[in-house]
$ cat run-v9.cif   # mmCIF, C-alpha atoms
data_final
#
loop_
_atom_site.group_PDB
_atom_site.id
_atom_site.type_symbol
_atom_site.label_atom_id
_atom_site.label_comp_id
_atom_site.auth_asym_id
_atom_site.auth_seq_id
_atom_site.Cartn_x
_atom_site.Cartn_y
_atom_site.Cartn_z
ATOM 1 C CA MET A 1 -49.980 -28.987 1.528
ATOM 2 C CA ALA A 2 -46.386 -29.164 0.295
ATOM 3 C CA VAL A 3 -44.035 -26.549 1.722
ATOM 4 C CA PHE A 4 -41.033 -25.382 -0.285
ATOM 5 C CA SER A 5 -38.082 -23.201 0.617
ATOM 6 C CA SER A 6 -38.566 -20.734 -2.215
ATOM 7 C CA ASP A 7 -41.073 -19.263 -4.644
ATOM 8 C CA THR A 8 -39.091 -20.914 -7.473
ATOM 9 C CA ALA A 9 -40.085 -24.106 -9.280
ATOM 10 C CA LEU A 10 -38.191 -26.319 -11.692
ATOM 11 C CA VAL A 11 -40.413 -27.619 -14.492
ATOM 12 C CA LEU A 12 -38.919 -30.475 -16.506
ATOM 13 C CA ILE A 13 -40.707 -31.106 -19.794
ATOM 14 C CA ASP A 14 -40.876 -34.304 -21.861
ATOM 15 C CA PHE A 15 -37.666 -35.966 -20.745
ATOM 16 C CA ILE A 16 -39.275 -39.284 -21.682
ATOM 17 C CA ASN A 17 -37.833 -42.358 -23.384
ATOM 18 C CA ASP A 18 -39.711 -42.096 -26.684
ATOM 19 C CA ILE A 19 -38.195 -38.651 -27.211
ATOM 20 C CA VAL A 20 -34.708 -38.616 -25.651
ATOM 21 C CA ASP A 21 -33.586 -42.264 -25.594
ATOM 22 C CA PRO A 22 -31.805 -43.586 -28.720
ATOM 23 C CA LYS A 23 -34.287 -46.510 -28.750
ATOM 24 C CA GLY A 24 -37.296 -44.195 -28.484
ATOM 25 C CA LYS A 25 -39.883 -44.058 -31.248
ATOM 26 C CA LEU A 26 -39.066 -40.397 -31.927
ATOM 27 C CA ALA A 27 -35.286 -40.801 -31.677
ATOM 28 C CA ALA A 28 -34.808 -40.320 -35.421
ATOM 29 C CA LYS A 29 -35.908 -36.689 -35.039
ATOM 30 C CA GLY A 30 -32.468 -35.908 -33.563
ATOM 31 C CA TYR A 31 -33.143 -35.420 -29.846
ATOM 32 C CA ALA A 32 -30.969 -38.329 -28.678
ATOM 33 C CA ARG A 33 -28.134 -37.178 -30.958
ATOM 34 C CA PHE A 34 -28.422 -33.667 -29.523
ATOM 35 C CA HIS A 35 -27.900 -35.071 -26.023
ATOM 36 C CA GLU A 36 -24.969 -37.197 -27.196
ATOM 37 C CA LYS A 37 -23.339 -34.081 -28.640
ATOM 38 C CA HIS A 38 -24.074 -31.675 -25.765
ATOM 39 C CA GLY A 39 -24.634 -33.849 -22.672
ATOM 40 C CA SER A 40 -27.957 -32.109 -22.042
ATOM 41 C CA LEU A 41 -29.523 -34.903 -19.967
ATOM 42 C CA THR A 42 -26.476 -34.973 -17.701
ATOM 43 C CA VAL A 43 -26.638 -31.205 -17.196
ATOM 44 C CA ALA A 44 -30.394 -31.408 -16.551
ATOM 45 C CA SER A 45 -29.818 -34.176 -14.008
ATOM 46 C CA ASP A 46 -27.333 -31.952 -12.155
ATOM 47 C CA LEU A 47 -29.837 -29.082 -12.284
ATOM 48 C CA LEU A 48 -32.506 -31.354 -10.818
ATOM 49 C CA ALA A 49 -30.180 -32.504 -8.018
ATOM 50 C CA ARG A 50 -29.395 -28.895 -7.053
ATOM 51 C CA ALA A 51 -33.089 -27.914 -7.131
ATOM 52 C CA ARG A 52 -33.866 -30.876 -4.868
ATOM 53 C CA ALA A 53 -31.107 -29.833 -2.471
ATOM 54 C CA LYS A 54 -32.625 -26.331 -2.304
ATOM 55 C CA LYS A 55 -36.079 -27.854 -1.672
ATOM 56 C CA TRP A 56 -37.659 -26.100 -4.644
ATOM 57 C CA ALA A 57 -40.954 -27.272 -6.085
ATOM 58 C CA ILE A 58 -40.244 -29.744 -8.884
ATOM 59 C CA ILE A 59 -42.776 -30.641 -11.540
ATOM 60 C CA HIS A 60 -42.223 -33.267 -14.229
ATOM 61 C CA VAL A 61 -44.279 -33.022 -17.417
ATOM 62 C CA CYS A 62 -44.955 -35.892 -19.826
ATOM 63 C CA VAL A 63 -46.672 -35.777 -23.197
ATOM 64 C CA GLY A 64 -48.723 -38.859 -23.964
ATOM 65 C CA PHE A 65 -51.985 -40.428 -25.021
ATOM 66 C CA SER A 66 -54.204 -43.150 -23.608
ATOM 67 C CA PRO A 67 -53.757 -46.617 -25.174
ATOM 68 C CA ASP A 68 -56.787 -45.951 -27.407
ATOM 69 C CA TYR A 69 -55.304 -42.542 -28.373
ATOM 70 C CA LYS A 70 -58.598 -40.787 -27.648
ATOM 71 C CA GLU A 71 -56.778 -37.490 -26.894
ATOM 72 C CA GLN A 72 -54.614 -37.592 -30.023
ATOM 73 C CA PRO A 73 -55.201 -34.725 -32.476
ATOM 74 C CA GLU A 74 -55.153 -36.798 -35.665
ATOM 75 C CA GLY A 75 -54.837 -33.767 -37.938
ATOM 76 C CA SER A 76 -51.747 -32.446 -36.146
ATOM 77 C CA PRO A 77 -48.494 -32.476 -38.133
ATOM 78 C CA LEU A 78 -46.722 -33.095 -34.824
ATOM 79 C CA PHE A 79 -48.938 -35.698 -33.133
ATOM 80 C CA GLY A 80 -50.970 -37.092 -36.047
ATOM 81 C CA GLY A 81 -48.820 -40.190 -36.533
ATOM 82 C CA ALA A 82 -48.549 -41.179 -32.872
ATOM 83 C CA LYS A 83 -51.153 -43.961 -33.018
ATOM 84 C CA LYS A 84 -49.799 -45.373 -36.286
ATOM 85 C CA PHE A 85 -46.360 -45.795 -34.712
ATOM 86 C CA ASN A 86 -47.657 -46.627 -31.217
ATOM 87 C CA ALA A 87 -45.640 -43.670 -29.941
ATOM 88 C CA LEU A 88 -46.242 -41.635 -26.775
ATOM 89 C CA CYS A 89 -48.564 -44.273 -25.343
ATOM 90 C CA LEU A 90 -49.164 -43.713 -21.644
ATOM 91 C CA GLY A 91 -48.236 -46.730 -19.558
ATOM 92 C CA ASP A 92 -45.563 -47.915 -22.001
ATOM 93 C CA TRP A 93 -41.770 -47.623 -21.681
ATOM 94 C CA GLY A 94 -41.834 -44.727 -24.150
ATOM 95 C CA THR A 95 -43.642 -42.387 -21.762
ATOM 96 C CA GLU A 96 -41.551 -43.292 -18.740
ATOM 97 C CA PHE A 97 -39.178 -40.553 -17.659
ATOM 98 C CA HIS A 98 -35.524 -40.970 -18.540
ATOM 99 C CA PRO A 99 -33.726 -42.741 -15.660
ATOM 100 C CA ASN A 100 -31.477 -39.707 -15.017
ATOM 101 C CA LEU A 101 -34.536 -37.496 -14.539
ATOM 102 C CA PHE A 102 -37.014 -39.827 -12.891
ATOM 103 C CA PRO A 103 -39.418 -38.181 -10.423
ATOM 104 C CA LEU A 104 -39.165 -38.874 -6.719
ATOM 105 C CA PRO A 105 -42.410 -40.037 -5.064
ATOM 106 C CA ASP A 106 -43.129 -36.586 -3.612
ATOM 107 C CA GLU A 107 -42.569 -34.712 -6.889
ATOM 108 C CA ALA A 108 -45.519 -33.710 -9.040
ATOM 109 C CA VAL A 109 -46.146 -35.254 -12.450
ATOM 110 C CA ILE A 110 -48.344 -33.593 -15.071
ATOM 111 C CA ILE A 111 -49.631 -35.452 -18.135
ATOM 112 C CA LYS A 112 -50.308 -33.298 -21.183
ATOM 113 C CA HIS A 113 -51.836 -34.096 -24.560
ATOM 114 C CA ARG A 114 -50.648 -31.050 -26.496
ATOM 115 C CA VAL A 115 -47.430 -29.044 -26.910
ATOM 116 C CA SER A 116 -47.770 -26.633 -23.980
ATOM 117 C CA ALA A 117 -47.583 -27.950 -20.437
ATOM 118 C CA PHE A 118 -50.321 -25.466 -19.492
ATOM 119 C CA TYR A 119 -52.905 -26.478 -22.082
ATOM 120 C CA GLY A 120 -55.650 -28.588 -20.513
ATOM 121 C CA THR A 121 -53.583 -29.456 -17.417
ATOM 122 C CA SER A 122 -53.495 -28.505 -13.738
ATOM 123 C CA LEU A 123 -50.014 -26.962 -14.005
ATOM 124 C CA GLU A 124 -51.078 -23.382 -13.280
ATOM 125 C CA ILE A 125 -53.200 -24.406 -10.292
ATOM 126 C CA MET A 126 -50.301 -26.430 -8.921
ATOM 127 C CA LEU A 127 -47.832 -23.566 -9.328
ATOM 128 C CA ARG A 128 -50.201 -21.101 -7.658
ATOM 129 C CA THR A 129 -50.891 -23.533 -4.798
ATOM 130 C CA TYR A 130 -47.143 -23.937 -4.279
ATOM 131 C CA GLY A 131 -46.696 -20.142 -4.166
ATOM 132 C CA VAL A 132 -44.421 -20.139 -7.217
ATOM 133 C CA ARG A 133 -43.487 -16.842 -8.838
ATOM 134 C CA THR A 134 -40.429 -17.893 -10.855
ATOM 135 C CA ILE A 135 -40.262 -20.955 -13.102
ATOM 136 C CA ILE A 136 -37.075 -22.516 -14.389
ATOM 137 C CA PHE A 137 -37.752 -24.535 -17.529
ATOM 138 C CA ALA A 138 -35.712 -27.432 -18.876
ATOM 139 C CA GLY A 139 -36.847 -29.989 -21.396
ATOM 140 C CA CYS A 140 -37.377 -31.189 -24.899
ATOM 141 C CA ALA A 141 -37.821 -29.711 -27.349
ATOM 142 C CA THR A 142 -36.440 -26.225 -26.890
ATOM 143 C CA ASP A 143 -38.334 -24.890 -29.883
ATOM 144 C CA MET A 144 -41.605 -26.652 -29.129
ATOM 145 C CA ALA A 145 -42.656 -27.672 -25.615
ATOM 146 C CA VAL A 146 -40.176 -25.500 -23.700
ATOM 147 C CA GLN A 147 -40.926 -22.409 -25.749
ATOM 148 C CA ALA A 148 -44.698 -22.994 -25.600
ATOM 149 C CA ALA A 149 -44.683 -23.433 -21.819
ATOM 150 C CA ALA A 150 -42.488 -20.374 -21.292
ATOM 151 C CA ARG A 151 -44.785 -18.224 -23.419
ATOM 152 C CA ASP A 152 -47.852 -19.459 -21.554
ATOM 153 C CA ALA A 153 -46.129 -18.909 -18.196
ATOM 154 C CA HIS A 154 -45.108 -15.388 -19.173
ATOM 155 C CA ASP A 155 -48.699 -14.528 -20.085
ATOM 156 C CA ARG A 156 -49.787 -15.823 -16.673
ATOM 157 C CA ASP A 157 -47.345 -13.380 -15.030
ATOM 158 C CA PHE A 158 -44.700 -15.863 -13.926
ATOM 159 C CA ALA A 159 -41.038 -14.892 -14.231
ATOM 160 C CA CYS A 160 -39.392 -17.400 -16.581
ATOM 161 C CA ILE A 161 -35.851 -18.710 -16.780
ATOM 162 C CA ILE A 162 -34.747 -21.100 -19.506
ATOM 163 C CA ALA A 163 -31.904 -23.414 -18.468
ATOM 164 C CA SER A 164 -30.384 -23.381 -21.939
ATOM 165 C CA ASP A 165 -27.941 -26.282 -21.562
ATOM 166 C CA SER A 166 -30.633 -28.416 -19.910
ATOM 167 C CA CYS A 167 -32.800 -28.206 -23.026
ATOM 168 C CA ILE A 168 -32.752 -30.440 -26.092
ATOM 169 C CA ALA A 169 -33.774 -29.756 -29.679
ATOM 170 C CA ALA A 170 -33.689 -31.747 -32.897
ATOM 171 C CA ASN A 171 -30.655 -29.734 -34.015
ATOM 172 C CA ASP A 172 -28.433 -26.840 -33.011
ATOM 173 C CA ASP A 173 -30.167 -24.341 -35.312
ATOM 174 C CA ASP A 174 -33.609 -24.929 -33.786
ATOM 175 C CA HIS A 175 -32.116 -24.687 -30.295
ATOM 176 C CA GLU A 176 -30.090 -21.505 -30.834
ATOM 177 C CA GLN A 177 -32.764 -19.652 -32.814
ATOM 178 C CA THR A 178 -35.332 -20.353 -30.107
ATOM 179 C CA LEU A 179 -33.028 -19.214 -27.318
ATOM 180 C CA ARG A 180 -32.346 -15.949 -29.153
ATOM 181 C CA MET A 181 -36.043 -15.308 -29.712
ATOM 182 C CA ILE A 182 -37.246 -16.323 -26.251
ATOM 183 C CA THR A 183 -35.146 -13.641 -24.541
ATOM 184 C CA LYS A 184 -38.056 -11.282 -25.279
ATOM 185 C CA ILE A 185 -40.119 -13.022 -22.596
ATOM 186 C CA ALA A 186 -37.638 -15.033 -20.493
ATOM 187 C CA VAL A 187 -34.141 -14.962 -19.055
ATOM 188 C CA VAL A 188 -31.835 -17.510 -20.687
ATOM 189 C CA LYS A 189 -29.041 -18.882 -18.485
ATOM 190 C CA LYS A 190 -26.726 -21.832 -18.333
ATOM 191 C CA SER A 191 -27.824 -24.199 -15.578
ATOM 192 C CA GLU A 192 -24.814 -23.551 -13.368
ATOM 193 C CA ASP A 193 -25.504 -19.805 -13.415
ATOM 194 C CA ILE A 194 -29.052 -20.171 -12.075
ATOM 195 C CA PHE A 195 -27.986 -20.918 -8.489
#
$ encode --input "run-v9.cif" --output "structure tokens"
Amino acid sequence: MAVFSSDTALVLIDFINDIVDPKGKLAAKGYARFHEKHGSLTVASDLLARARAKKWAIIHVCVGFSPDYKEQPEGSPLFGGAKKFNALCLGDWGTEFHPNLFPLPDEAVIIKHRVSAFYGTSLEIMLRTYGVRTIIFAGCATDMAVQAAARDAHDRDFACIIASDSCIAANDDDHEQTLRMITKIAVVKKSEDIF
């Protein structure tokens, strides 16, 4: 069993090429531009390096579908077009983690097929096995996957911290509105203030 130096985990959500790389199939939604404006991937990479140095549990989460898209919810406004555009296909470049946030061999990777990292995955079991009580969330998108995971974590009695400058949204309004609202269930901090 893995042994960590703390009851804190860093959960990095959907920092994958299709979403955050300018050449990604979902780049037009604004996520790559958000990073270019705010340097979010660079900040998240620094956050990851510090969490590794502290020997915290680190879990990377990737949204994706099998090549035949059998898990895709076709009626979803969010995921319904994935097969048509060959987006979020597991095993392709698009679902590889961004090079700045690539998992080390001993770091856990969770594949999800819906918005929340908890839905239909082993994330909760992994966190409980690791003895985690506090989760620091970073990822994309602030208003979707990060918010959904934080809400699910809160309802499972984990303490939640959102690393605000290590999160990406399609635009500043979505990002800021979500951070204001999420303070009802989580602590929002800049990455450098977490340590």
$ residues_around --input "run-v9.cif" --residues "region 66-69 of chain A" --least-positions-apart "3" --cutoff "8 Å" --atoms "only C-alpha atoms" --output "list in words"
Gln72, Lys83, Cys89, Leu90 and Gly91 of chain A
$ write_last_selection --input "run-v9.cif" --atoms "C-alpha atoms" --output "compact mmCIF listing (two decimals), in the coordinates of the input"
# COMPACT_ATOMS: atom_id res chain seq x y z
CA GLN A 72 -54.61 -37.59 -30.02
CA LYS A 83 -51.15 -43.96 -33.02
CA CYS A 89 -48.56 -44.27 -25.34
CA LEU A 90 -49.16 -43.71 -21.64
CA GLY A 91 -48.24 -46.73 -19.56
$ resolve_selection --input "run-v9.cif" --expression "the PyMOL selection byres ((chain A and resi 109) around 9)" --output "PyMOL selection string"
chain A and resi 58-62+103+107-108+110-111
$ write_last_selection --input "run-v9.cif" --atoms "C-alpha atoms" --output "tab-separated table (two decimals), in the coordinates of the input"
chain	number	residue	atom	x	y	z
A	58	ILE	CA	-40.24	-29.74	-8.88
A	59	ILE	CA	-42.78	-30.64	-11.54
A	60	HIS	CA	-42.22	-33.27	-14.23
A	61	VAL	CA	-44.28	-33.02	-17.42
A	62	CYS	CA	-44.96	-35.89	-19.83
A	103	PRO	CA	-39.42	-38.18	-10.42
A	107	GLU	CA	-42.57	-34.71	-6.89
A	108	ALA	CA	-45.52	-33.71	-9.04
A	110	ILE	CA	-48.34	-33.59	-15.07
A	111	ILE	CA	-49.63	-35.45	-18.14
$ closest_residue --input "run-v9.cif" --among "A:Pro77, A:Met181, A:Thr121, A:Ala169" --to "Arg151 (chain A)" --atoms "only C-alpha atoms"
A:Met181
$ atom_distance --input "run-v9.cif" --atom1 "CA of Thr95 (chain A)" --atom2 "CA of Ser76 (chain A)"
19.3 Å
$ residues_near_point --input "run-v9.cif" --point "(-48.6, -28.4, -15.7)" --cutoff "12 Å" --atoms "only C-alpha atoms" --output "CSV table (one decimal) with C-alpha atoms, in the frame of the given file"
chain,number,residue,atom,x,y,z
A,9,ALA,CA,-40.1,-24.1,-9.3
A,10,LEU,CA,-38.2,-26.3,-11.7
A,11,VAL,CA,-40.4,-27.6,-14.5
A,12,LEU,CA,-38.9,-30.5,-16.5
A,13,ILE,CA,-40.7,-31.1,-19.8
A,14,ASP,CA,-40.9,-34.3,-21.9
A,58,ILE,CA,-40.2,-29.7,-8.9
A,59,ILE,CA,-42.8,-30.6,-11.5
A,60,HIS,CA,-42.2,-33.3,-14.2
A,61,VAL,CA,-44.3,-33.0,-17.4
A,62,CYS,CA,-45.0,-35.9,-19.8
A,63,VAL,CA,-46.7,-35.8,-23.2
A,108,ALA,CA,-45.5,-33.7,-9.0
A,109,VAL,CA,-46.1,-35.3,-12.4
A,110,ILE,CA,-48.3,-33.6,-15.1
A,111,ILE,CA,-49.6,-35.5,-18.1
A,112,LYS,CA,-50.3,-33.3,-21.2
A,113,HIS,CA,-51.8,-34.1,-24.6
A,114,ARG,CA,-50.6,-31.0,-26.5
A,115,VAL,CA,-47.4,-29.0,-26.9
A,116,SER,CA,-47.8,-26.6,-24.0
A,117,ALA,CA,-47.6,-28.0,-20.4
A,118,PHE,CA,-50.3,-25.5,-19.5
A,119,TYR,CA,-52.9,-26.5,-22.1
A,120,GLY,CA,-55.6,-28.6,-20.5
A,121,THR,CA,-53.6,-29.5,-17.4
A,122,SER,CA,-53.5,-28.5,-13.7
A,123,LEU,CA,-50.0,-27.0,-14.0
A,124,GLU,CA,-51.1,-23.4,-13.3
A,125,ILE,CA,-53.2,-24.4,-10.3
A,126,MET,CA,-50.3,-26.4,-8.9
A,127,LEU,CA,-47.8,-23.6,-9.3
A,128,ARG,CA,-50.2,-21.1,-7.7
A,135,ILE,CA,-40.3,-21.0,-13.1
A,137,PHE,CA,-37.8,-24.5,-17.5
A,145,ALA,CA,-42.7,-27.7,-25.6
A,146,VAL,CA,-40.2,-25.5,-23.7
A,148,ALA,CA,-44.7,-23.0,-25.6
A,149,ALA,CA,-44.7,-23.4,-21.8
A,150,ALA,CA,-42.5,-20.4,-21.3
A,152,ASP,CA,-47.9,-19.5,-21.6
A,153,ALA,CA,-46.1,-18.9,-18.2
$ axis_aligned_box --input "run-v9.cif" --around "region 83-92 of chain A" --padding-each-side "6 Å" --output "lines of an AutoDock Vina configuration file"
center_x = -48.4
center_y = -44.8
center_z = -27.9
size_x = 17.6
size_y = 18.3
size_z = 28.7
$ closest_residue --input "run-v9.cif" --among "A:Ala170, A:Ser40, A:Lys54, A:Phe97" --to "Ala27 (chain A)" --atoms "all atoms listed in the file"
A:Ala170
$ atom_distance --input "run-v9.cif" --atom1 "CA of His154 (chain A)" --atom2 "CA of Ile136 (chain A)"
11.8 Å
$ build_atoms --input "run-v9.cif" --residues "region 36-66 of chain A" --atoms "N, CA and C atoms" --output "PDB file, in the coordinates of the input"
ATOM      1  N   GLU A  36     -26.295 -36.586 -27.047  1.00  0.00           N
ATOM      2  CA  GLU A  36     -24.969 -37.197 -27.196  1.00  0.00           C
ATOM      3  C   GLU A  36     -23.912 -36.138 -27.501  1.00  0.00           C
ATOM      4  N   LYS A  37     -24.284 -35.142 -28.269  1.00  0.00           N
ATOM      5  CA  LYS A  37     -23.339 -34.081 -28.640  1.00  0.00           C
ATOM      6  C   LYS A  37     -23.105 -33.098 -27.498  1.00  0.00           C
ATOM      7  N   HIS A  38     -24.172 -32.761 -26.754  1.00  0.00           N
ATOM      8  CA  HIS A  38     -24.074 -31.675 -25.765  1.00  0.00           C
ATOM      9  C   HIS A  38     -24.148 -32.129 -24.304  1.00  0.00           C
ATOM     10  N   GLY A  39     -24.511 -33.381 -24.052  1.00  0.00           N
ATOM     11  CA  GLY A  39     -24.634 -33.849 -22.672  1.00  0.00           C
ATOM     12  C   GLY A  39     -25.789 -33.221 -21.919  1.00  0.00           C
ATOM     13  N   SER A  40     -26.850 -32.861 -22.625  1.00  0.00           N
ATOM     14  CA  SER A  40     -27.957 -32.109 -22.042  1.00  0.00           C
ATOM     15  C   SER A  40     -28.660 -32.836 -20.898  1.00  0.00           C
ATOM     16  N   LEU A  41     -28.849 -34.150 -21.034  1.00  0.00           N
ATOM     17  CA  LEU A  41     -29.523 -34.903 -19.967  1.00  0.00           C
ATOM     18  C   LEU A  41     -28.683 -34.926 -18.693  1.00  0.00           C
ATOM     19  N   THR A  42     -27.375 -34.988 -18.859  1.00  0.00           N
ATOM     20  CA  THR A  42     -26.476 -34.973 -17.701  1.00  0.00           C
ATOM     21  C   THR A  42     -26.543 -33.620 -16.994  1.00  0.00           C
ATOM     22  N   VAL A  43     -26.534 -32.553 -17.776  1.00  0.00           N
ATOM     23  CA  VAL A  43     -26.638 -31.205 -17.196  1.00  0.00           C
ATOM     24  C   VAL A  43     -27.989 -31.039 -16.504  1.00  0.00           C
ATOM     25  N   ALA A  44     -29.057 -31.511 -17.149  1.00  0.00           N
ATOM     26  CA  ALA A  44     -30.394 -31.408 -16.551  1.00  0.00           C
ATOM     27  C   ALA A  44     -30.489 -32.211 -15.259  1.00  0.00           C
ATOM     28  N   SER A  45     -29.833 -33.360 -15.223  1.00  0.00           N
ATOM     29  CA  SER A  45     -29.818 -34.176 -14.008  1.00  0.00           C
ATOM     30  C   SER A  45     -29.121 -33.443 -12.865  1.00  0.00           C
ATOM     31  N   ASP A  46     -28.029 -32.763 -13.172  1.00  0.00           N
ATOM     32  CA  ASP A  46     -27.333 -31.952 -12.155  1.00  0.00           C
ATOM     33  C   ASP A  46     -28.217 -30.798 -11.681  1.00  0.00           C
ATOM     34  N   LEU A  47     -28.911 -30.165 -12.626  1.00  0.00           N
ATOM     35  CA  LEU A  47     -29.837 -29.082 -12.284  1.00  0.00           C
ATOM     36  C   LEU A  47     -30.928 -29.593 -11.346  1.00  0.00           C
ATOM     37  N   LEU A  48     -31.477 -30.746 -11.660  1.00  0.00           N
ATOM     38  CA  LEU A  48     -32.506 -31.354 -10.818  1.00  0.00           C
ATOM     39  C   LEU A  48     -31.972 -31.653  -9.418  1.00  0.00           C
ATOM     40  N   ALA A  49     -30.775 -32.186  -9.326  1.00  0.00           N
ATOM     41  CA  ALA A  49     -30.180 -32.504  -8.018  1.00  0.00           C
ATOM     42  C   ALA A  49     -30.007 -31.239  -7.175  1.00  0.00           C
ATOM     43  N   ARG A  50     -29.577 -30.141  -7.794  1.00  0.00           N
ATOM     44  CA  ARG A  50     -29.395 -28.895  -7.053  1.00  0.00           C
ATOM     45  C   ARG A  50     -30.742 -28.303  -6.626  1.00  0.00           C
ATOM     46  N   ALA A  51     -31.753 -28.404  -7.496  1.00  0.00           N
ATOM     47  CA  ALA A  51     -33.089 -27.914  -7.131  1.00  0.00           C
ATOM     48  C   ALA A  51     -33.652 -28.728  -5.968  1.00  0.00           C
ATOM     49  N   ARG A  52     -33.422 -30.035  -5.985  1.00  0.00           N
ATOM     50  CA  ARG A  52     -33.866 -30.876  -4.868  1.00  0.00           C
ATOM     51  C   ARG A  52     -33.162 -30.481  -3.578  1.00  0.00           C
ATOM     52  N   ALA A  53     -31.870 -30.217  -3.659  1.00  0.00           N
ATOM     53  CA  ALA A  53     -31.107 -29.833  -2.471  1.00  0.00           C
ATOM     54  C   ALA A  53     -31.613 -28.513  -1.885  1.00  0.00           C
ATOM     55  N   LYS A  54     -32.088 -27.625  -2.758  1.00  0.00           N
ATOM     56  CA  LYS A  54     -32.625 -26.331  -2.304  1.00  0.00           C
ATOM     57  C   LYS A  54     -34.089 -26.422  -1.881  1.00  0.00           C
ATOM     58  N   LYS A  55     -34.685 -27.617  -2.039  1.00  0.00           N
ATOM     59  CA  LYS A  55     -36.079 -27.854  -1.672  1.00  0.00           C
ATOM     60  C   LYS A  55     -37.052 -26.975  -2.459  1.00  0.00           C
ATOM     61  N   TRP A  56     -36.756 -26.802  -3.756  1.00  0.00           N
ATOM     62  CA  TRP A  56     -37.659 -26.100  -4.644  1.00  0.00           C
ATOM     63  C   TRP A  56     -38.789 -27.033  -5.057  1.00  0.00           C
ATOM     64  N   ALA A  57     -39.894 -26.473  -5.472  1.00  0.00           N
ATOM     65  CA  ALA A  57     -40.954 -27.272  -6.085  1.00  0.00           C
ATOM     66  C   ALA A  57     -40.434 -27.822  -7.407  1.00  0.00           C
ATOM     67  N   ILE A  58     -40.690 -29.093  -7.651  1.00  0.00           N
ATOM     68  CA  ILE A  58     -40.244 -29.744  -8.884  1.00  0.00           C
ATOM     69  C   ILE A  58     -41.457 -30.406  -9.529  1.00  0.00           C
ATOM     70  N   ILE A  59     -41.643 -30.099 -10.798  1.00  0.00           N
ATOM     71  CA  ILE A  59     -42.776 -30.641 -11.540  1.00  0.00           C
ATOM     72  C   ILE A  59     -42.258 -31.271 -12.830  1.00  0.00           C
ATOM     73  N   HIS A  60     -42.598 -32.536 -13.017  1.00  0.00           N
ATOM     74  CA  HIS A  60     -42.223 -33.267 -14.229  1.00  0.00           C
ATOM     75  C   HIS A  60     -43.427 -33.307 -15.155  1.00  0.00           C
ATOM     76  N   VAL A  61     -43.199 -33.043 -16.433  1.00  0.00           N
ATOM     77  CA  VAL A  61     -44.279 -33.022 -17.417  1.00  0.00           C
ATOM     78  C   VAL A  61     -44.008 -34.080 -18.480  1.00  0.00           C
ATOM     79  N   CYS A  62     -45.058 -34.823 -18.829  1.00  0.00           N
ATOM     80  CA  CYS A  62     -44.955 -35.892 -19.826  1.00  0.00           C
ATOM     81  C   CYS A  62     -46.054 -35.744 -20.862  1.00  0.00           C
ATOM     82  N   VAL A  63     -45.676 -35.760 -22.137  1.00  0.00           N
ATOM     83  CA  VAL A  63     -46.672 -35.777 -23.197  1.00  0.00           C
ATOM     84  C   VAL A  63     -47.032 -37.233 -23.483  1.00  0.00           C
ATOM     85  N   GLY A  64     -48.320 -37.493 -23.662  1.00  0.00           N
ATOM     86  CA  GLY A  64     -48.723 -38.859 -23.964  1.00  0.00           C
ATOM     87  C   GLY A  64     -50.210 -38.971 -24.201  1.00  0.00           C
ATOM     88  N   PHE A  65     -50.590 -40.146 -24.693  1.00  0.00           N
ATOM     89  CA  PHE A  65     -51.985 -40.428 -25.021  1.00  0.00           C
ATOM     90  C   PHE A  65     -52.394 -41.763 -24.434  1.00  0.00           C
ATOM     91  N   SER A  66     -53.666 -41.885 -24.101  1.00  0.00           N
ATOM     92  CA  SER A  66     -54.204 -43.150 -23.608  1.00  0.00           C
ATOM     93  C   SER A  66     -53.966 -44.248 -24.643  1.00  0.00           C
TER      94      SER A  66
END
